[in-house]
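S.K.: Structure supplied as run-v5.txt; contents: compact mmCIF, C-alpha atoms (C1' of nucleotides).
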# COMPACT_ATOMS: atom_id res chain seq x y z
CA MET A 1 6.91 -3.74 7.62
CA ALA A 2 9.40 -5.39 9.87
CA GLN A 3 11.50 -6.09 6.83
CA ASN A 4 10.94 -5.52 3.16
CA LYS A 5 11.23 -8.70 1.10
CA LYS A 6 10.09 -7.29 -2.21
CA ASP A 7 13.57 -7.34 -3.67
CA GLN A 8 13.81 -11.09 -3.24
CA PHE A 9 11.66 -11.72 -6.28
CA ASP A 10 12.58 -11.94 -9.98
CA GLN A 11 12.82 -8.75 -11.97
CA GLU A 12 10.09 -10.05 -14.27
CA ILE A 13 7.74 -10.31 -11.32
CA THR A 14 8.64 -7.02 -9.69
CA SER A 15 8.32 -5.06 -12.91
CA LEU A 16 4.76 -6.32 -13.14
CA SER A 17 3.92 -5.65 -9.52
CA ASP A 18 5.48 -2.19 -9.70
CA LEU A 19 3.31 -1.28 -12.68
CA ALA A 20 0.25 -2.72 -10.98
CA ASN A 21 1.13 -0.70 -7.93
CA ALA A 22 1.21 2.48 -10.02
CA ILE A 23 -2.46 2.01 -10.90
CA SER A 24 -3.53 0.48 -7.59
CA HIS A 25 -5.10 3.73 -6.43
CA PRO A 26 -8.25 5.06 -8.13
CA ALA A 27 -6.85 8.60 -8.19
CA ARG A 28 -3.96 7.46 -10.33
CA VAL A 29 -6.21 5.61 -12.76
CA ALA A 30 -8.38 8.72 -13.01
CA ILE A 31 -5.33 10.91 -13.60
CA LEU A 32 -4.06 8.67 -16.39
CA ARG A 33 -7.43 8.68 -18.09
CA LYS A 34 -7.76 12.43 -17.78
CA ILE A 35 -4.31 13.05 -19.21
CA ALA A 36 -4.97 10.70 -22.13
CA GLU A 37 -8.41 12.11 -22.82
CA ARG A 38 -7.28 15.72 -23.01
CA GLN A 39 -4.89 14.95 -25.78
CA GLY A 40 -3.00 18.17 -25.30
CA CYS A 41 -1.15 18.11 -22.02
CA ILE A 42 -2.90 19.29 -18.92
CA CYS A 43 -1.75 20.46 -15.55
CA GLY A 44 -3.80 21.68 -12.63
CA GLU A 45 -7.08 20.86 -14.34
CA ILE A 46 -6.59 17.44 -12.82
CA VAL A 47 -6.92 18.94 -9.38
CA GLU A 48 -10.31 20.39 -10.32
CA VAL A 49 -11.84 17.09 -11.33
CA LEU A 50 -10.50 15.01 -8.46
CA PRO A 51 -11.85 15.02 -4.89
CA LEU A 52 -8.36 15.60 -3.53
CA ALA A 53 -6.20 18.49 -2.42
CA GLN A 54 -3.61 19.93 -4.78
CA SER A 55 -0.71 18.57 -2.77
CA THR A 56 -2.20 15.09 -2.81
CA VAL A 57 -2.67 15.17 -6.58
CA SER A 58 0.91 16.32 -6.94
CA GLN A 59 1.99 13.35 -4.88
CA HIS A 60 0.08 10.93 -7.09
CA LEU A 61 1.58 12.54 -10.19
CA LYS A 62 5.00 11.96 -8.71
CA GLU A 63 4.18 8.27 -8.29
CA LEU A 64 3.14 8.01 -11.92
CA LEU A 65 6.35 9.75 -12.97
CA LYS A 66 8.34 7.33 -10.84
CA ALA A 67 6.64 4.43 -12.62
CA ASN A 68 7.50 6.18 -15.90
CA LEU A 69 3.92 6.10 -17.16
CA ILE A 70 3.77 9.85 -17.67
CA LYS A 71 6.14 12.62 -18.65
CA GLY A 72 6.09 16.12 -17.25
CA THR A 73 7.38 19.41 -18.54
CA VAL A 74 7.25 22.89 -17.10
CA ASP A 75 5.46 25.56 -19.13
CA GLY A 76 5.64 28.91 -17.47
CA THR A 77 4.03 28.68 -14.06
CA LYS A 78 2.14 25.62 -15.19
CA SER A 79 3.15 22.00 -15.31
CA CYS A 80 2.26 19.88 -18.25
CA TYR A 81 1.83 16.14 -18.09
CA CYS A 82 1.25 13.56 -20.77
CA ILE A 83 1.26 9.83 -21.27
CA ASN A 84 4.63 8.23 -21.91
CA TRP A 85 3.44 6.13 -24.81
CA ASP A 86 6.57 4.03 -25.09
CA ALA A 87 6.42 3.02 -21.47
CA PHE A 88 2.71 2.52 -21.77
CA SER A 89 2.94 0.00 -24.57
CA ALA A 90 5.65 -1.81 -22.63
CA PHE A 91 3.22 -1.82 -19.72
CA GLU A 92 0.52 -3.36 -21.90
CA LYS A 93 2.95 -5.98 -23.13
CA ILE A 94 4.00 -6.99 -19.62
CA PHE A 95 0.39 -7.44 -18.62
CA GLY A 96 -0.32 -9.38 -21.78
CA THR A 97 2.55 -11.73 -21.02
CA PHE A 98 1.31 -12.17 -17.49
CA PHE A 99 -2.23 -13.00 -18.58
CA SER A 100 -1.18 -15.41 -21.30
CA GLY A 101 1.30 -17.03 -18.94
CA ILE A 102 -1.46 -17.72 -16.46
CA ALA A 103 -4.02 -18.72 -19.07
CA ALA A 104 -1.63 -21.23 -20.66
CA HIS A 105 -2.39 -23.62 -17.81
CA ASN A 106 -6.13 -23.21 -17.80
CA ILE A 107 -7.38 -26.31 -16.02
CA SER A 108 -10.09 -26.14 -13.42
CA CYS A 109 -9.66 -28.18 -10.30
CA CYS A 110 -11.48 -26.90 -7.23
CA MET B 1 -4.55 8.23 6.01
CA ALA B 2 -6.34 11.19 7.46
CA GLN B 3 -9.38 10.23 5.47
CA ASN B 4 -9.97 7.59 2.84
CA LYS B 5 -11.22 9.05 -0.44
CA LYS B 6 -11.07 5.89 -2.51
CA ASP B 7 -14.83 5.46 -2.53
CA GLN B 8 -15.31 8.80 -4.24
CA PHE B 9 -14.36 7.37 -7.61
CA ASP B 10 -16.45 5.55 -10.22
CA GLN B 11 -16.98 1.85 -9.86
CA GLU B 12 -15.30 1.33 -13.22
CA ILE B 13 -12.17 2.95 -11.90
CA THR B 14 -12.14 1.26 -8.51
CA SER B 15 -12.68 -2.19 -9.95
CA LEU B 16 -9.54 -1.65 -12.00
CA SER B 17 -7.51 -0.26 -9.14
CA ASP B 18 -8.68 -3.04 -6.82
CA LEU B 19 -7.52 -5.68 -9.27
CA ALA B 20 -4.23 -3.87 -9.79
CA ASN B 21 -3.87 -3.71 -6.06
CA ALA B 22 -4.28 -7.48 -5.82
CA ILE B 23 -1.16 -7.97 -7.95
CA SER B 24 0.75 -4.96 -6.64
CA HIS B 25 2.95 -7.13 -4.44
CA PRO B 26 5.48 -9.51 -5.99
CA ALA B 27 4.55 -12.29 -3.59
CA ARG B 28 1.01 -12.29 -4.93
CA VAL B 29 2.16 -12.37 -8.54
CA ALA B 30 4.45 -15.26 -7.69
CA ILE B 31 1.62 -17.08 -5.91
CA LEU B 32 -0.72 -16.69 -8.88
CA ARG B 33 1.89 -18.00 -11.26
CA LYS B 34 2.71 -20.94 -9.03
CA ILE B 35 -0.93 -21.90 -8.64
CA ALA B 36 -1.51 -21.68 -12.40
CA GLU B 37 1.66 -23.57 -13.25
CA ARG B 38 0.92 -26.53 -10.97
CA GLN B 39 -2.29 -27.22 -12.71
CA GLY B 40 -3.57 -29.40 -9.89
CA CYS B 41 -4.20 -27.27 -6.85
CA ILE B 42 -1.41 -26.69 -4.44
CA CYS B 43 -1.27 -25.59 -0.85
CA GLY B 44 1.75 -25.17 1.38
CA GLU B 45 4.15 -25.80 -1.47
CA ILE B 46 3.77 -22.10 -2.07
CA VAL B 47 5.37 -21.42 1.27
CA GLU B 48 8.41 -23.49 0.27
CA VAL B 49 9.15 -21.48 -2.85
CA LEU B 50 8.59 -18.03 -1.39
CA PRO B 51 11.01 -16.17 0.89
CA LEU B 52 8.22 -15.53 3.39
CA ALA B 53 6.87 -17.06 6.55
CA GLN B 54 3.85 -19.35 6.40
CA SER B 55 1.61 -16.83 8.11
CA THR B 56 2.61 -14.13 5.66
CA VAL B 57 1.85 -16.33 2.68
CA SER B 58 -1.51 -17.17 4.22
CA GLN B 59 -2.19 -13.46 4.48
CA HIS B 60 -1.37 -12.89 0.81
CA LEU B 61 -3.59 -15.83 -0.16
CA LYS B 62 -6.39 -14.19 1.76
CA GLU B 63 -5.90 -11.00 -0.25
CA LEU B 64 -6.12 -12.93 -3.50
CA LEU B 65 -9.27 -14.64 -2.27
CA LYS B 66 -10.73 -11.26 -1.37
CA ALA B 67 -10.01 -10.04 -4.90
CA ASN B 68 -11.71 -13.22 -6.13
CA LEU B 69 -8.75 -14.21 -8.30
CA ILE B 70 -8.36 -17.61 -6.63
CA LYS B 71 -10.61 -20.21 -5.05
CA GLY B 72 -9.71 -22.29 -2.02
CA THR B 73 -10.97 -25.61 -0.74
CA VAL B 74 -10.01 -27.68 2.27
CA ASP B 75 -8.71 -31.20 1.65
CA GLY B 76 -7.92 -32.98 4.86
CA THR B 77 -5.31 -31.03 6.74
CA LYS B 78 -4.28 -29.31 3.55
CA SER B 79 -5.69 -26.32 1.76
CA CYS B 80 -6.02 -26.31 -1.95
CA TYR B 81 -5.99 -23.20 -4.08
CA CYS B 82 -6.62 -22.64 -7.73
CA ILE B 83 -7.20 -19.85 -10.20
CA ASN B 84 -10.74 -18.57 -10.49
CA TRP B 85 -10.80 -18.60 -14.28
CA ASP B 86 -14.04 -16.72 -14.63
CA ALA B 87 -12.84 -13.86 -12.49
CA PHE B 88 -9.50 -13.99 -14.22
CA SER B 89 -10.88 -13.48 -17.68
CA ALA B 90 -13.00 -10.62 -16.34
CA PHE B 91 -9.77 -9.22 -14.94
CA GLU B 92 -8.11 -9.48 -18.34
CA LYS B 93 -11.08 -7.78 -19.95
CA ILE B 94 -11.02 -4.85 -17.54
CA PHE B 95 -7.35 -4.30 -18.20
CA GLY B 96 -7.90 -4.57 -21.92
CA THR B 97 -10.61 -1.93 -21.75
CA PHE B 98 -8.32 0.31 -19.71
CA PHE B 99 -5.45 0.00 -22.16
CA SER B 100 -7.56 0.55 -25.24
CA GLY B 101 -9.31 3.47 -23.57
CA ILE B 102 -5.97 5.15 -22.96
CA ALA B 103 -4.51 4.22 -26.34
CA ALA B 104 -7.52 5.63 -28.19
CA HIS B 105 -6.13 9.12 -27.61
CA ASN B 106 -2.57 8.40 -28.58
CA ILE B 107 -1.11 11.80 -29.37
CA SER B 108 2.30 12.80 -28.21
CA CYS B 109 2.74 16.28 -26.83
CA CYS B 110 5.58 16.75 -24.37
C1' DT C 1 9.20 45.96 -7.60
C1' DT C 2 5.14 43.88 -5.75
C1' DC C 3 1.26 40.86 -6.16
C1' DT C 4 -0.80 36.79 -8.02
C1' DT C 5 -0.91 32.26 -9.86
C1' DT C 6 0.68 27.61 -10.24
C1' DT C 7 2.82 23.83 -8.58
C1' DA C 8 6.25 21.18 -5.80
C1' DT C 9 7.82 20.06 -1.39
C1' DC C 10 7.83 19.82 3.72
C1' DG C 11 5.92 18.46 7.92
C1' DT C 12 2.65 15.81 10.01
C1' DA C 13 -1.34 12.81 11.27
C1' DT C 14 -3.55 8.69 10.48
C1' DA C 15 -4.57 4.37 7.97
C1' DT C 16 -3.05 0.44 5.82
C1' DT C 17 0.27 -3.02 4.52
C1' DT C 18 3.73 -6.19 5.32
C1' DA C 19 5.96 -9.32 8.09
C1' DC C 20 6.77 -12.43 11.91
C1' DG C 21 6.13 -15.60 15.87
C1' DA C 22 2.85 -17.79 18.69
C1' DT C 23 -1.23 -20.03 19.02
C1' DA C 24 -5.55 -22.42 17.74
C1' DT C 25 -7.89 -25.70 15.02
C1' DA C 26 -8.63 -29.67 12.48
C1' DC C 27 -7.40 -33.74 10.58
C1' DA C 28 -4.13 -37.88 10.14
C1' DA C 29 -1.29 -41.25 11.95
C1' DT C 30 0.50 -44.06 15.58
C1' DA D 1 -5.55 -41.11 23.41
C1' DT D 2 -1.46 -38.94 21.88
C1' DT D 3 1.43 -37.05 18.56
C1' DG D 4 2.40 -34.85 14.36
C1' DT D 5 1.22 -31.99 10.30
C1' DA D 6 -0.97 -28.23 7.77
C1' DT D 7 -2.91 -24.00 7.82
C1' DA D 8 -5.62 -20.02 9.52
C1' DT D 9 -5.82 -16.47 12.79
C1' DC D 10 -4.21 -13.36 16.54
C1' DG D 11 -1.23 -10.00 18.31
C1' DT D 12 2.16 -6.94 17.33
C1' DA D 13 6.00 -4.18 15.29
C1' DA D 14 7.63 -1.58 11.71
C1' DA D 15 7.26 0.39 7.03
C1' DT D 16 4.70 2.57 3.64
C1' DA D 17 0.79 5.03 1.72
C1' DT D 18 -2.59 8.56 1.80
C1' DA D 19 -4.14 12.96 2.82
C1' DC D 20 -3.93 17.74 4.17
C1' DG D 21 -2.36 22.48 5.25
C1' DA D 22 1.47 25.47 5.12
C1' DT D 23 5.19 27.04 2.78
C1' DA D 24 8.61 27.67 -0.92
C1' DA D 25 9.88 28.59 -5.54
C1' DA D 26 9.35 30.40 -9.97
C1' DA D 27 7.12 32.73 -13.55
C1' DG D 28 3.67 36.22 -15.14
C1' DA D 29 1.04 40.44 -14.50
C1' DA D 30 0.36 44.85 -12.40
Let me see the file written as structure tokens.
M.R.:
Amino acid sequence: MAQNKKDQFDQEITSLSDLANAISHPARVAILRKIAERQGCICGEIVEVLPLAQSTVSQHLKELLKANLIKGTVDGTKSCYCINWDAFSAFEKIFGTFFSGIAAHNISCC
Amino acid sequence: MAQNKKDQFDQEITSLSDLANAISHPARVAILRKIAERQGCICGEIVEVLPLAQSTVSQHLKELLKANLIKGTVDGTKSCYCINWDAFSAFEKIFGTFFSGIAAHNISCC
DNA sequence: TTCTTTTATCGTATATTTACGATATACAAT
DNA sequence: ATTGTATATCGTAAATATACGATAAAAGAA
């Protein structure tokens, strides 16, 4: 964009929008679910179940790492990812606060 | 992108990512909160409190309308927006399902 | 050592998003 | 009728996101 204004908002707001952004692509939602579902960590199995190239999946994984929702460790030639449960419950809390903050004013007008 | 693959995912996944996308920009979170907080509908007051041009705010409002999270009516020269409570509780439900679906497998590995 | 496997990163193309100013439209007020 | 106000839309520029193939790096197997 001509100029990025995202940093002109409160931290409370940007932490929410950043988390929302992390799951704003269906591939990333699918990756999170897959990682959670296969309780042991998984790696390139994700590539098999997604309709995306390996490099693209790797890119999405990087985004999820950046948002701190997953953790990754190297295991031989393979990479192992799993849910960062601490960050995830914080995530849930932030969304809960957002929803209850909105719902506190529930009055219909138009 | 070279090719958009977003429609190759389940509807359950895309409805979540679409909603997340709606609040993936801080301006849109701020707009939702402002509309909820001023229980009566508001219009261009949003422009005053955001660090964005009127046309940009209008664009973000359009996005929120597209996601069905707000409703808009015209009132004279002014436009009046408010939360779409039905859609909003559906939104909350979808996120709740997502979180509990992930949390169901809570096992730490790496 | 050499070959294979796995995954991250680089380079690149294209699509989408974000942002603004200018303009159009529609109503209100004078 | 003219002027002002509020807001949506258009056109456009620039940034970011998405996707892929090619390549690099690093470990395991032969």
S.K.: Taking all atoms listed in the file into account, find every residue of chain C that has an atom no more than 9 Å from chain B, and write it out as a PDB file with C-alpha atoms (C1' of nucleotides), in the frame of the given file.
M.R.:
ATOM      1  C1'  DA C  13      -1.340  12.810  11.270  1.00  0.00           C
ATOM      2  C1'  DT C  14      -3.550   8.690  10.480  1.00  0.00           C
ATOM      3  C1'  DA C  15      -4.570   4.370   7.970  1.00  0.00           C
ATOM      4  C1'  DT C  16      -3.050   0.440   5.820  1.00  0.00           C
ATOM      5  C1'  DT C  18       3.730  -6.190   5.320  1.00  0.00           C
ATOM      6  C1'  DA C  19       5.960  -9.320   8.090  1.00  0.00           C
ATOM      7  C1'  DC C  20       6.770 -12.430  11.910  1.00  0.00           C
ATOM      8  C1'  DA C  26      -8.630 -29.670  12.480  1.00  0.00           C
ATOM      9  C1'  DC C  27      -7.400 -33.740  10.580  1.00  0.00           C
ATOM     10  C1'  DA C  28      -4.130 -37.880  10.140  1.00  0.00           C
TER      11       DA C  28
END
S.K.: For chain A, which of B:Ile42, B:Ala87, B:Asn68, B:Ile102 is the closest residue, counting all atoms listed in the file?
M.R.: B:Ile102
S.K.: When the cut-off is 7 Å and we count all atoms listed in the file, which residues of chain B are near chain A, given as a compact mmCIF listing (two decimals) with C-alpha atoms, in the coordinates of the input?
M.R.:
# COMPACT_ATOMS: atom_id res chain seq x y z
CA LYS B 6 -11.07 5.89 -2.51
CA PHE B 9 -14.36 7.37 -7.61
CA ILE B 13 -12.17 2.95 -11.90
CA THR B 14 -12.14 1.26 -8.51
CA SER B 17 -7.51 -0.26 -9.14
CA ASP B 18 -8.68 -3.04 -6.82
CA ALA B 20 -4.23 -3.87 -9.79
CA ASN B 21 -3.87 -3.71 -6.06
CA ILE B 23 -1.16 -7.97 -7.95
CA SER B 24 0.75 -4.96 -6.64
CA HIS B 25 2.95 -7.13 -4.44
CA PRO B 26 5.48 -9.51 -5.99
CA VAL B 29 2.16 -12.37 -8.54
CA ALA B 30 4.45 -15.26 -7.69
CA ARG B 33 1.89 -18.00 -11.26
CA ALA B 36 -1.51 -21.68 -12.40
CA GLU B 37 1.66 -23.57 -13.25
CA GLN B 39 -2.29 -27.22 -12.71
CA GLY B 40 -3.57 -29.40 -9.89
CA CYS B 41 -4.20 -27.27 -6.85
CA THR B 73 -10.97 -25.61 -0.74
CA CYS B 82 -6.62 -22.64 -7.73
CA GLU B 92 -8.11 -9.48 -18.34
CA PHE B 99 -5.45 0.00 -22.16
CA ILE B 102 -5.97 5.15 -22.96
CA HIS B 105 -6.13 9.12 -27.61
CA ILE B 107 -1.11 11.80 -29.37
CA CYS B 109 2.74 16.28 -26.83
CA CYS B 110 5.58 16.75 -24.37
S.K.: Compute the set of chain D residues within 10 Å of chain A, using all atoms listed in the file, and express it as a CSV table (one decimal) with C-alpha atoms (C1' of nucleotides), keeping the file's coordinate frame.
M.R.:
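Output file iface25.csv follows:
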chain,number,residue,atom,x,y,z
D,13,DA,C1',6.0,-4.2,15.3
D,14,DA,C1',7.6,-1.6,11.7
D,15,DA,C1',7.3,0.4,7.0
D,16,DT,C1',4.7,2.6,3.6
D,18,DT,C1',-2.6,8.6,1.8
D,19,DA,C1',-4.1,13.0,2.8
D,20,DC,C1',-3.9,17.7,4.2
D,21,DG,C1',-2.4,22.5,5.2
D,26,DA,C1',9.4,30.4,-10.0
D,27,DA,C1',7.1,32.7,-13.6
D,28,DG,C1',3.7,36.2,-15.1
S.K.: Separation of atom CA of A:Lys66 and atom CA of A:Ile46, in Å?
M.R.: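 Between atom CA of A:Lys66 and atom CA of A:Ile46 the gap works out to 18.1 Å.
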S.K.: What is the distance between atom C1' of C:DT23 and atom C1' of D:DT7, in Å to one decimal?
M.R.: 12.0 Å
S.K.: In Å to one decimal, how far is atom C1' of C:DC10 from atom CA of A:Ala67?
M.R.: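 Rounded to one decimal, the two atoms are 22.5 Å apart.
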S.K.: Please return as number ranges by chain every residue within 6 Å of (2.1, 41.6, -11.4), taking into account only C-alpha atoms (C1' of nucleotides) and the file's own coordinates.
M.R.: C: 3; D: 29-30
S.K.: Taking all atoms listed in the file into account, which of C:DT2, C:DT12, C:DT17, C:DT7 comes nearest A:Gly44?
M.R.: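 The closest residue to A:Gly44 is C:DT7.
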S.K.: Adding 3 Å on each side of the box along x, y and z that holds all listed atoms of stretch 18-30 of chain C, could you give its centre and edge lengths in Å to one decimal, as AutoDock Vina command-line options?
M.R.:
--center_x -0.9 --center_y -25.1 --center_z 12.2 --size_x 21.4 --size_y 43.9 --size_z 19.7
